[in-house]
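Worksheet: one structure, shown below.
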Number of protein chains: 2
Amino acid sequence: MSETPVTTPPARVPTLGDVALEAGVSLATASRVLNGSQRRVADDFRVRVEAAAERLGYTANLSAQTTARGTSAVVALLVADIADPYFGQLAAGVTRAAEAAGLITTIAITERDPERELRLVRTLRGQRPRGIILATSRDDSVDPEPLIRELQNATSAGARVVTLGAGLPGTRTVAFDNRAGARDLGARVAGLGYREAIVLAAAEGVRTSDDRVAGFTEGFTDGGGRVARVLRGGISRDSGYEAASEVLRDEPAEGTLLFGISDVVAIGALSAVRDAGRTPGADIAVAGFDDIAAGRDIVPGITTVHVPLERVGEQALEATSAEEWQPSALPLEVVLRDSTPPRA
Amino acid sequence: MSETPVTTPPARVPTLGDVALEAGVSLATASRVLNGSQRRVADDFRVRVEAAAERLGYTANLSAQTTARGTSAVVALLVADIADPYFGQLAAGVTRAAEAAGLITTIAITERDPERELRLVRTLRGQRPRGIILATSRDDSVDPEPLIRELQNATSAGARVVTLGAGLPGTRTVAFDNRAGARDLGARVAGLGYREAIVLAAAEGVRTSDDRVAGFTEGFTDGGGRVARVLRGGISRDSGYEAASEVLRDEPAEGTLLFGISDVVAIGALSAVRDAGRTPGADIAVAGFDDIAAGRDIVPGITTVHVPLERVGEQALEATSAEEWQPSALPLEVVLRDSTPPRA
DNA sequence: TTGTAAGCGTTATCAG
DNA sequence: CTGATAACGCTTACAA
């Protein structure tokens with residue numbers, strides 16, 4: 001079958017020059033056939049070059065292309081944590097759309113550290129990417145100036161910067177209205193008869209979290225409820241678990257609602273409720289935000305606000321590519337499930 | 001606060017030449033200070049260059065560096081589906097380790113399509129990556145030759161290719177023993193008193209799946225059980241759900257065990273059991289493989305085989321960087337949970 | 001230690 | 001329509 005030679009073969013990567021030589025044409029012609037946009041090459045030349053390339057197993061050297069062209073086929077995506085399903089779905093959307101557009105996606109992780117984010121943007125900028133997508137939520141307690149400056153540099157280097165959710169000056173925004181979605185949710189659960197809620201949020205200043213807290217509070221109070229407490233523990237599953245555990249130590253009344261500002265937090269909270277020996281839903285209600293796919297298998301089903309994550313990702317990619325961009329706001333929808341059964 | 005100028009500023013990206021000029025040194029010196037490895041520059045020159053770079057907001061043009069050096073700081077990661085938590089955790093491990101090593105990670109999605117995989121490898125090869133990590137399981141029903149050839153090209157271009165699980169000739173392997181892990185699992189559940197199992201697997205030929213099926217069958221039959229059926233539906237949550245639904249239509253006896261060859265499949269199956277009105281665990285048992293993080297919040301807890309996913313990712317990255325590599329096999333461990341309660 | 005200059009693989013301009 | 005040849009931004013012998 002296949003003979004794998006003992007010694008490494010040519011070891012040299014065929015270059016465009018090799019192809020040209022092999023085909024007996026000039027470098028320029030080979031380039032035009034293989035990579036150039038405008039096709040103005042005679043057919044016989046064209047086939048010869050293509051055959052030669054095939055024979056040699058030629059692949060364009062992307063870096064060389066990039067330096068020559070001054071622009072790359074890369075889109076950089078910055079996320080807080082790729083193991084978090086929220087970002088996973090988002091990344092799937094971005095990557096899928098990128099591939100369809102012939103672009104390569106580069107992913108970097110900020111771990112929610114603003115300094116790291118800054119460093120990463122700086123490094124990524126070195127790739128001269130066509131676009132940079134920032135899917136890491138803004139934190140108002142951090143001075144945004146350095147980041148803005150850095151992004152401006154990237155922009156003047158030809159990158160289109162897209163921010164998700166909270167916009168940043170000089171960037172394109174793909175948004176969904178966290179506040180309105182949370183408000184709807186608050187109103188709906190109030191309508192179900194809930195009167196007392198405890199919110200599990202991220203640290204103050206994290207824009208997305210703040211918006212959701214504010215929106216929920218508005219909707220819930222307008223509906224006759226009361227937000228008894230806002231705990232600012234964090235944005236991970238574990239912080240949801242811990243915050244909820246703390247709340248449960250005070251033995252909250254039956255019918256109290258725990259609103260986690262993201263499904264990941266809410267799911268942690270739900271587990272905490274169960275581990276504390278109480279029944280999520282019937283006893284202590286839980287609601288989240290995002291409607292991540294993993295939520296489907298949680299019992300009871302988690303009431304939440306559906307965010308079309310993959311579409312958000314796709315739109316973000318489009319925003320990096322489109323000539324013009326008008327900020328869109330994707331629609332959000334409340335989904336009621338068993339974690340918030342109607343109260344008599 | 002921040003004044004965003006109306007007209008685009010310089011619009012030109014500062015180059016190393018600009019820095020050199022600004023600092024009043026030669027290009028070579030600037031290069032040595034900013035990017036060169038061996039530092040042999042007088043201190044006063046060094047500070048002048050650094051200051052100039054800072055002032056200008058210079059960032060090295062990675063592509064130019066790559067073409068000049070002939071090698072890049074990129075590691076390419078190929079996964080089947082980034083929205084799948086299995087790959088998410090894996091990617092997190094890879095990316096974290098990469099960043100620590102000063103490398104950039106590029107992620108592409110194969111969607112389990114071998115042709116797409118081939119195309120992607122070909123494209124990625126153009127980036128002249130330092131390493132390529134293939135985290136997409138081998139399918140024995142597909143001719144591996146084209147991929148092997150492509151990878152060989154990549155290798156001779158200086159990339160180190162790492163495959164996860166099933167090795168491919170000419171590549172480094174980071175493995176864990178699926179077969180042994182599954183065998184242990186089979187033995188353990190047989191020990192719990194289960195006597196009848198149905199396996200939910202991927203299509204025949206998918207190496208990981210086949211290994212797990214084989215291992216489980218060995219362990220389970222040795223323990224006195226019987227694998228009644230092997231359904232080959234797929235590898236996603238939904239295929240697990242569907243396969244299980246089909247099984248349930250035949251009203252399997254109480255105490256039947258459903259073994260999903262991955263947690264994702266098992267979780268889908270578990271939901272199907274519940275949706276069919278039966279009680280997962282007590283009534284129909286369920287077991288999986290991988291021990292993904294999302295499993296923590298599933299009730300009942302899913303019996304599974306723990307795979308240290310993030311460490312696997314880290315090791316994969318190490319394998320791309322290390323000078324020498326000896327295939328390691330990470331240890332796997334069975335974790336018994338409530339989805340397989342002991343049977344009398 | 002510093003500078004000069006010759007590449008790296010492509011693209012793109014501009015004559016033929 | 002094709003082919004020299006000058007960029008692209010950077011690295012790296014080789015000299016000074």
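Chain identifiers are assigned as A, B, and so on, following the order in which chains appear in the structure tokens; residues are numbered from 1 within each chain, and ligands are numbered from 1 in order of appearance.
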
Run DSSP on the backbone of this structure and report the residues of region 161-265 of chain A it assigns to helix (DSSP H, G or I), as a compact mmCIF listing (two decimals) with N, CA and C atoms, in the first residue's frame.
```txt
# COMPACT_ATOMS: atom_id res chain seq x y z
N ASN A 178 -29.99 43.24 26.49
CA ASN A 178 -30.01 42.51 27.75
C ASN A 178 -31.02 43.08 28.72
N ARG A 179 -31.07 44.38 28.75
CA ARG A 179 -31.94 45.02 29.72
C ARG A 179 -33.40 44.72 29.43
N ALA A 180 -33.78 44.87 28.17
CA ALA A 180 -35.17 44.62 27.81
C ALA A 180 -35.53 43.16 28.02
N GLY A 181 -34.60 42.26 27.63
CA GLY A 181 -34.87 40.85 27.81
C GLY A 181 -35.08 40.50 29.28
N ALA A 182 -34.21 41.05 30.11
CA ALA A 182 -34.32 40.77 31.53
C ALA A 182 -35.59 41.38 32.11
N ARG A 183 -35.95 42.53 31.58
CA ARG A 183 -37.17 43.18 32.04
C ARG A 183 -38.38 42.30 31.74
N ASP A 184 -38.41 41.79 30.52
CA ASP A 184 -39.50 40.89 30.15
C ASP A 184 -39.56 39.70 31.09
N LEU A 185 -38.37 39.15 31.32
CA LEU A 185 -38.31 37.98 32.19
C LEU A 185 -38.86 38.31 33.57
N GLY A 186 -38.40 39.44 34.10
CA GLY A 186 -38.85 39.86 35.42
C GLY A 186 -40.37 39.99 35.46
N ALA A 187 -40.91 40.61 34.43
CA ALA A 187 -42.36 40.81 34.38
C ALA A 187 -43.09 39.48 34.31
N ARG A 188 -42.55 38.59 33.50
CA ARG A 188 -43.23 37.31 33.33
C ARG A 188 -43.25 36.50 34.63
N VAL A 189 -42.14 36.45 35.31
CA VAL A 189 -42.15 35.65 36.54
C VAL A 189 -42.98 36.33 37.62
N ALA A 190 -42.98 37.64 37.60
CA ALA A 190 -43.87 38.33 38.53
C ALA A 190 -45.31 37.93 38.21
N GLY A 191 -45.59 37.86 36.91
CA GLY A 191 -46.93 37.46 36.48
C GLY A 191 -47.29 36.05 36.92
N ARG A 207 -20.77 45.10 32.51
CA ARG A 207 -21.90 45.70 31.80
C ARG A 207 -23.09 44.75 31.61
N THR A 208 -22.80 43.61 31.01
CA THR A 208 -23.88 42.67 30.72
C THR A 208 -24.65 42.32 31.98
N SER A 209 -23.88 42.03 33.01
CA SER A 209 -24.50 41.66 34.27
C SER A 209 -25.35 42.82 34.81
N ASP A 210 -24.76 43.98 34.82
CA ASP A 210 -25.47 45.14 35.35
C ASP A 210 -26.78 45.37 34.59
N ASP A 211 -26.71 45.26 33.27
CA ASP A 211 -27.91 45.48 32.47
C ASP A 211 -28.99 44.46 32.82
N ARG A 212 -28.56 43.24 32.97
CA ARG A 212 -29.55 42.21 33.26
C ARG A 212 -30.14 42.39 34.65
N VAL A 213 -29.31 42.76 35.58
CA VAL A 213 -29.81 43.01 36.93
C VAL A 213 -30.82 44.15 36.91
N ALA A 214 -30.42 45.22 36.25
CA ALA A 214 -31.30 46.40 36.21
C ALA A 214 -32.62 46.06 35.53
N GLY A 215 -32.53 45.42 34.38
CA GLY A 215 -33.75 45.08 33.64
C GLY A 215 -34.66 44.19 34.45
N PHE A 216 -34.06 43.17 35.02
CA PHE A 216 -34.88 42.23 35.78
C PHE A 216 -35.57 42.95 36.93
N THR A 217 -34.80 43.77 37.62
CA THR A 217 -35.36 44.48 38.76
C THR A 217 -36.55 45.35 38.33
N GLU A 218 -36.36 46.06 37.25
CA GLU A 218 -37.47 46.88 36.73
C GLU A 218 -38.71 46.06 36.49
N GLY A 219 -38.54 45.03 35.69
CA GLY A 219 -39.70 44.22 35.32
C GLY A 219 -40.35 43.57 36.53
N PHE A 220 -39.51 43.10 37.41
CA PHE A 220 -40.04 42.34 38.54
C PHE A 220 -40.77 43.26 39.53
N THR A 221 -40.17 44.40 39.79
CA THR A 221 -40.84 45.33 40.72
C THR A 221 -42.11 45.89 40.11
N ASP A 222 -42.01 46.23 38.83
CA ASP A 222 -43.22 46.72 38.16
C ASP A 222 -44.34 45.69 38.26
N ARG A 237 -20.22 28.85 36.59
CA ARG A 237 -21.14 27.88 37.18
C ARG A 237 -20.87 27.78 38.68
N ASP A 238 -19.59 27.71 39.04
CA ASP A 238 -19.25 27.54 40.44
C ASP A 238 -19.65 28.74 41.28
N SER A 239 -19.49 29.94 40.72
CA SER A 239 -19.89 31.09 41.53
C SER A 239 -21.41 31.09 41.72
N GLY A 240 -22.12 30.60 40.73
CA GLY A 240 -23.57 30.47 40.89
C GLY A 240 -23.90 29.50 42.00
N TYR A 241 -23.16 28.42 42.00
CA TYR A 241 -23.38 27.39 43.03
C TYR A 241 -23.12 27.95 44.41
N GLU A 242 -21.99 28.63 44.52
CA GLU A 242 -21.61 29.15 45.83
C GLU A 242 -22.55 30.24 46.32
N ALA A 243 -22.85 31.16 45.43
CA ALA A 243 -23.75 32.24 45.82
C ALA A 243 -25.08 31.67 46.29
N ALA A 244 -25.59 30.71 45.54
CA ALA A 244 -26.87 30.12 45.91
C ALA A 244 -26.76 29.40 47.25
N SER A 245 -25.64 28.73 47.45
CA SER A 245 -25.46 28.02 48.72
C SER A 245 -25.52 29.00 49.88
N GLU A 246 -24.88 30.13 49.67
CA GLU A 246 -24.89 31.14 50.72
C GLU A 246 -26.31 31.59 51.02
N VAL A 247 -27.02 31.88 49.95
CA VAL A 247 -28.41 32.31 50.10
C VAL A 247 -29.21 31.28 50.87
N LEU A 248 -28.98 30.02 50.53
CA LEU A 248 -29.80 28.96 51.11
C LEU A 248 -29.54 28.75 52.59
N ARG A 249 -28.37 29.16 53.04
CA ARG A 249 -28.06 29.02 54.45
C ARG A 249 -29.04 29.82 55.31
N ASP A 263 -27.29 31.51 32.25
CA ASP A 263 -27.72 30.13 32.47
C ASP A 263 -26.68 29.35 33.25
N VAL A 264 -25.44 29.62 32.92
CA VAL A 264 -24.36 28.91 33.59
C VAL A 264 -24.44 29.14 35.10
N VAL A 265 -24.66 30.38 35.49
CA VAL A 265 -24.82 30.71 36.90
C VAL A 265 -26.08 30.05 37.46
```

For this session: Please return, as a PyMOL selection string, all residues of chain C lying within 8 Å of chain B when only C-alpha atoms (C1' of nucleotides) are considered.
Result: chain C and resi 1-3+8-9

For this session: Using only C-alpha atoms, determine which residues of chain B fall within 8 Å of chain A; present them as number ranges by chain.
Result: B: 2, 4, 8-13, 57, 59-64, 66-67, 81-85, 88-92, 95-96, 104-109, 122-123, 125-128, 145, 153, 156-157, 267-268, 271, 294, 297-299

Exercise. Which residues of chain D are close to chain B, meaning at most 6 Å apart when you count only C-alpha atoms (C1' of nucleotides), and how do they look as a PyMOL selection string?
Worked result: chain D and resi 9-11

For this session: Check the smallest atom-to-atom distance from each of A:Asp18, A:Asp43, A:Glu196, A:Asp291 to Arg55 (chain A) using only C-alpha atoms, then report the winner.
Result: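 The answer is A:Asp18, which sits nearest to Arg55 (chain A).
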
Exercise. Neighbours of Ile235 (chain B) within 9 Å (only C-alpha atoms (C1' of nucleotides); same-chain residues fewer than 6 positions away dropped), as a ChimeraX atom specification?
Worked result: /B:200-203,209,260-262,264-265

Exercise. Any idea what's packed within 12 Å of DC14 (chain C), counting only C-alpha atoms (C1' of nucleotides), ignoring anything in its chain fewer than 5 positions away? Could you give it as a VMD selection string?
Worked result: chain D and resid 2 to 6

Problem set entry | Residue contacts of Gly165 (chain B) (8 Å, only C-alpha atoms (C1' of nucleotides)) excluding same-chain residues fewer than 4 positions away, as a VMD selection string | chain B and resid 137 173 to 177 208

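When CA of Ala282 (chain B) is paired with CA of Thr279 (chain A), their separation reads 19.0 Å.
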
Shell of 6 Å around Glu314 (chain B), only C-alpha atoms (C1' of nucleotides), local chain residues under 2 positions omitted, as a PDB file with N, CA and C atoms, in the first residue's frame:
```
ATOM      1  N   GLY B  93      -7.715  23.660  27.188  1.00  0.00           N
ATOM      2  CA  GLY B  93      -6.407  23.169  27.591  1.00  0.00           C
ATOM      3  C   GLY B  93      -5.328  23.560  26.603  1.00  0.00           C
ATOM      4  N   VAL B  94      -5.614  23.352  25.348  1.00  0.00           N
ATOM      5  CA  VAL B  94      -4.643  23.687  24.307  1.00  0.00           C
ATOM      6  C   VAL B  94      -4.320  25.172  24.330  1.00  0.00           C
ATOM      7  N   ALA B  97      -2.278  26.405  27.377  1.00  0.00           N
ATOM      8  CA  ALA B  97      -0.872  26.012  27.291  1.00  0.00           C
ATOM      9  C   ALA B  97      -0.160  26.786  26.184  1.00  0.00           C
ATOM     10  N   ARG B 311      -6.111  18.495  30.556  1.00  0.00           N
ATOM     11  CA  ARG B 311      -4.728  18.018  30.548  1.00  0.00           C
ATOM     12  C   ARG B 311      -4.388  17.385  29.216  1.00  0.00           C
ATOM     13  N   VAL B 312      -5.339  16.720  28.630  1.00  0.00           N
ATOM     14  CA  VAL B 312      -5.095  16.154  27.307  1.00  0.00           C
ATOM     15  C   VAL B 312      -4.730  17.279  26.344  1.00  0.00           C
ATOM     16  N   ALA B 316      -1.245  17.827  24.429  1.00  0.00           N
ATOM     17  CA  ALA B 316      -1.202  17.913  22.966  1.00  0.00           C
ATOM     18  C   ALA B 316      -0.327  19.092  22.573  1.00  0.00           C
ATOM     19  N   LEU B 317      -0.503  20.195  23.280  1.00  0.00           N
ATOM     20  CA  LEU B 317       0.327  21.333  22.931  1.00  0.00           C
ATOM     21  C   LEU B 317       1.794  21.051  23.198  1.00  0.00           C
TER      22      LEU B 317
END
```

Exercise. In Å, how far is it from CA of Val335 (chain A) to CA of Arg112 (chain A)?
Worked result: 28.3 Å

For this session: Mind giving me the straight-line distance from CA of Gly288 (chain A) to CA of Pro308 (chain A) in Å, one decimal?
Result: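 CA of Gly288 (chain A) sits 14.7 Å away from CA of Pro308 (chain A).
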
For this session: Please identify all polymer residues within 10 Å of DA7 (chain D), counting only C-alpha atoms (C1' of nucleotides), omitting same-chain residues fewer than 6 positions from it, and present them as a PyMOL selection string.
Result: (chain A and resi 68) or (chain C and resi 11-13)

Give me a file of those residues, with N, CA and C atoms (P, O5', C5', C4', C3', O3' and C1' of nucleotides), as a PDB file, in the first residue's frame.
```pdb
ATOM      1  N   ALA A  68       2.848  40.575   1.522  1.00  0.00           N
ATOM      2  CA  ALA A  68       2.807  41.218   0.213  1.00  0.00           C
ATOM      3  C   ALA A  68       1.524  42.027   0.026  1.00  0.00           C
TER       4      ALA A  68
ATOM      5  P    DT C  11       0.347  35.745  -4.152  1.00  0.00           P
ATOM      6  O5'  DT C  11       0.596  37.318  -4.251  1.00  0.00           O
ATOM      7  C5'  DT C  11       0.124  38.151  -3.196  1.00  0.00           C
ATOM      8  C4'  DT C  11       0.424  39.597  -3.529  1.00  0.00           C
ATOM      9  C3'  DT C  11      -0.361  40.154  -4.718  1.00  0.00           C
ATOM     10  O3'  DT C  11      -0.847  41.436  -4.313  1.00  0.00           O
ATOM     11  C1'  DT C  11       1.940  40.510  -5.040  1.00  0.00           C
ATOM     12  P    DA C  12      -1.871  42.197  -5.207  1.00  0.00           P
ATOM     13  O5'  DA C  12      -0.933  43.232  -5.953  1.00  0.00           O
ATOM     14  C5'  DA C  12      -0.087  44.105  -5.208  1.00  0.00           C
ATOM     15  C4'  DA C  12       0.605  45.050  -6.161  1.00  0.00           C
ATOM     16  C3'  DA C  12      -0.261  45.487  -7.344  1.00  0.00           C
ATOM     17  O3'  DA C  12       0.145  46.803  -7.703  1.00  0.00           O
ATOM     18  C1'  DA C  12       1.576  44.300  -8.156  1.00  0.00           C
ATOM     19  P    DT C  13      -0.856  47.644  -8.619  1.00  0.00           P
ATOM     20  O5'  DT C  13       0.179  48.645  -9.308  1.00  0.00           O
ATOM     21  C5'  DT C  13       1.362  49.006  -8.612  1.00  0.00           C
ATOM     22  C4'  DT C  13       2.514  49.158  -9.603  1.00  0.00           C
ATOM     23  C3'  DT C  13       2.109  49.792 -10.940  1.00  0.00           C
ATOM     24  O3'  DT C  13       3.021  50.836 -11.247  1.00  0.00           O
ATOM     25  C1'  DT C  13       3.287  47.782 -11.317  1.00  0.00           C
TER      26       DT C  13
END
```

Problem set entry | Residues flagged strand (DSSP E or B) by DSSP in region 49-286 of chain B, as JSON, numbers by chain | {"B": [74, 75, 76, 77, 78, 79, 104, 105, 106, 107, 108, 109, 131, 132, 133, 134, 135, 139, 160, 161, 162, 163, 164, 172, 173, 174, 175, 176, 196, 197, 198, 199, 200, 201, 206, 226, 227, 228, 229, 230, 231, 232, 257, 258, 259, 260, 280, 284, 285, 286]}
